[in-house]
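Input: a single structure, listed below in structure tokens.
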Amino acid sequence: MKYYRTVRPFKAISFDLDDTLYDNHPIIKKANQSIIEHLNQTYPELAELTEKQWLLYKEIEVAEFPEIRHDVSLWRTQTLTRIMIIYGIPEYKAIKYAQHAFSEFLKLRSDFVVPKDSLQLLNKLAKIYPVIAITNGNVDEFKIQLNDKFKFILKAGNGFKSKPEADLFIEAARRLNIEVSDILHVGDHLISDVYGAQNNGAQAVWFNPNKQSLSGAMLLPTVEISRLDQLYKLL
């Protein structure tokens with residue numbers, strides 16, 4: 001545990017979800033592979049579609065529509081629609097099929113169990129502070145049984161720009177009737193979580209279980225931890 005700044009009093013704790021409360025990398029990797037297989041097997045026109053091609057079209061989509069990066073669900077759905085049309089599926093069918101494929105992906109990317117230690121931590125913290133979640137991702141919180149662990153969960157999209165933009169932090173403070181500076185945000189990502197929180201007035205706890213280097217960080221976190229249970233020392 002490392003302190004880079006003096007921890008100010010705070011009134012609420014916000015958590016990133018992916019790669020903070022659970023290891024998301026293998027989950028997303030498996031989900032991406034499985035959805036490509038699903039597309040190959042379900043739609044004859046997409047039988048030869050590869051993950052590399054999928055990623056290429058995904059980058060083309062965000063290059064043409066930069067704002068879509070703030071809504072990963074819309075980004076994926078529109079990329080799926082584009083691919084289906086390019087591969088010969090009529091547009092009216094592609095729109096419907098893309099929605100169905102996205103639903104399948106969401107099931108796959110939400111097919112895991114949150115570690116018990118994370119759930120216990122949230123339960124204990126919620127007895128002391130309002131605990132919320134601020135995420136750029138699109139995990140189904142009901143499927144992974146996190147829906148009742150937070151006062152509320154804010155997701156990027158639907159008019160809210162993704163972290164590190166200020167939107168989600170401002171909305172969280174508004175709902176809690178506090179200032180952004182009253183929030184202690186916990187997350188793994190140096191840009192979206194640490195820079196996003198610190199640059200917008202909140203305090204940032206950097207969750208760094210893999211001992212990554214801070215070199216190149218845009219702003220130093222308030223505190224760095226390698227285990228989530230170290231948060232108890234801040235209470």
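Identifiers in the structure tokens: chain A, B, ... in order shown; residue index from 1 per chain; ligand index from 1 in order shown.
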
Near Leu235 of chain A, counting only C-alpha atoms, which residues have an atom at most 9 Å away, once you skip same-chain residues fewer than 2 positions from it, shown as an mmCIF file with N, CA, C and O atoms, in the first residue's frame?
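Dumped to selection_6.cif:
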```cif
data_model
loop_
_atom_site.group_PDB
_atom_site.id
_atom_site.type_symbol
_atom_site.label_atom_id
_atom_site.label_comp_id
_atom_site.auth_asym_id
_atom_site.auth_seq_id
_atom_site.Cartn_x
_atom_site.Cartn_y
_atom_site.Cartn_z
ATOM 1 N N LEU A 125 -18.329 -2.283 3.532
ATOM 2 C CA LEU A 125 -18.184 -0.851 3.270
ATOM 3 C C LEU A 125 -19.536 -0.151 3.242
ATOM 4 O O LEU A 125 -19.662 1.004 3.665
ATOM 5 N N ILE A 128 -20.908 1.584 6.213
ATOM 6 C CA ILE A 128 -20.247 2.798 6.684
ATOM 7 C C ILE A 128 -20.461 3.974 5.734
ATOM 8 O O ILE A 128 -20.662 5.110 6.158
ATOM 9 N N LEU A 231 -8.366 -1.439 1.580
ATOM 10 C CA LEU A 231 -9.239 -0.274 1.694
ATOM 11 C C LEU A 231 -9.688 -0.044 3.123
ATOM 12 O O LEU A 231 -9.982 1.100 3.521
ATOM 13 N N TYR A 232 -9.747 -1.082 3.907
ATOM 14 C CA TYR A 232 -10.172 -0.934 5.295
ATOM 15 C C TYR A 232 -9.263 0.037 6.064
ATOM 16 O O TYR A 232 -9.707 0.669 7.014
ATOM 17 N N LYS A 233 -8.022 0.132 5.646
ATOM 18 C CA LYS A 233 -7.081 1.036 6.326
ATOM 19 C C LYS A 233 -7.408 2.498 6.099
ATOM 20 O O LYS A 233 -6.883 3.364 6.789
#
```

**Q.** Non-local contacts of Asn32 of chain A (9 Å; only C-alpha atoms; under 4 positions in same chain excluded) as an MDAnalysis selection string
**A.** chainID A and resid 27:28 36:37 51 105 108:109

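Residues with any atom within 8 Å of segment 195-205 of chain A, counting only C-alpha atoms and excluding same-chain neighbours fewer than 3 positions away, are A:Val7, A:Arg8, A:Lys163, A:Pro164, A:Glu165, A:Ala166, A:Phe169, A:Val180, A:Ser181, A:Asp182, A:Ile183, A:Leu184, A:His185, A:Val186, A:Gly187, A:Leu190, A:Ile191, A:Ser192, A:Ala217, A:Met218, A:Leu219, A:Leu220, A:Pro221, A:Thr222, A:Val223, A:Glu224, A:Ile225.
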
Q. Atom CA of Val62 of chain A and atom CA of Arg76 of chain A are how many Å apart?
A.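 Atom-to-atom, atom CA of Val62 of chain A and atom CA of Arg76 of chain A are spaced 10.0 Å apart.
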
Q) Looking at A:Leu214, A:Ile95, A:Val131, A:Leu56, which one is nearest to Phe10 of chain A, with distances taken over only C-alpha atoms? A)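 Among the listed residues, the smallest separation from Phe10 of chain A belongs to A:Val131.
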
Q. Near Asp167 of chain A, within 12 Å and counting only C-alpha atoms, which residues show up once chain neighbours fewer than 4 positions away are dropped, as a PyMOL selection string?
A. chain A and resi 70+134-136+154-163+171-174+180+196-197+200

Q.
What's around Leu119 of chain A at 10 Å? Count only C-alpha atoms, leave out sequence neighbours fewer than 4 positions away in its own chain, and write the answer as a list in words.
A.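 Those residues are Leu21, Val114, Pro115, Asn123, Lys124, Gln145, Leu146 and Lys149 of chain A.
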
Residue selection dump (C-alpha atoms) as an mmCIF file, in the first residue's frame:
```
data_model
loop_
_atom_site.group_PDB
_atom_site.id
_atom_site.type_symbol
_atom_site.label_atom_id
_atom_site.label_comp_id
_atom_site.auth_asym_id
_atom_site.auth_seq_id
_atom_site.Cartn_x
_atom_site.Cartn_y
_atom_site.Cartn_z
ATOM 1 C CA LEU A 21 -13.903 -6.359 -8.404
ATOM 2 C CA VAL A 114 -17.756 -12.365 -8.582
ATOM 3 C CA PRO A 115 -15.180 -13.433 -5.956
ATOM 4 C CA ASN A 123 -21.191 -5.465 2.157
ATOM 5 C CA LYS A 124 -18.903 -4.201 4.911
ATOM 6 C CA GLN A 145 -25.458 -10.671 -8.619
ATOM 7 C CA LEU A 146 -23.996 -7.215 -8.062
ATOM 8 C CA LYS A 149 -24.473 -4.440 -3.676
#
```

Q | Picked from segment 12-141 of chain A by DSSP as strand (DSSP E or B), as a PyMOL selection string | A | chain A and resi 12-15+18+22+131-135

(Q) Using only C-alpha atoms, which protein or nucleic acid residues come within 7 Å of Ser110 of chain A? Drop anything in the same chain fewer than 6 positions from it, and give the result as a PyMOL selection string. (A) chain A and resi 139-140+143-144

Q) Which is closest to Gly88 of chain A among A:Leu46, A:Ile13, A:Leu74, A:Ile170, if we use only C-alpha atoms? A) A:Leu46

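Distances to Lys52 of chain A were evaluated for A:Ser226, A:Ser213, A:Gln33, A:Asn208 using only C-alpha atoms, and the minimum falls at A:Gln33.
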
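Taking atom CA of Asn210 of chain A and atom CA of Asp16 of chain A as the two end points, the separation is 16.7 Å.
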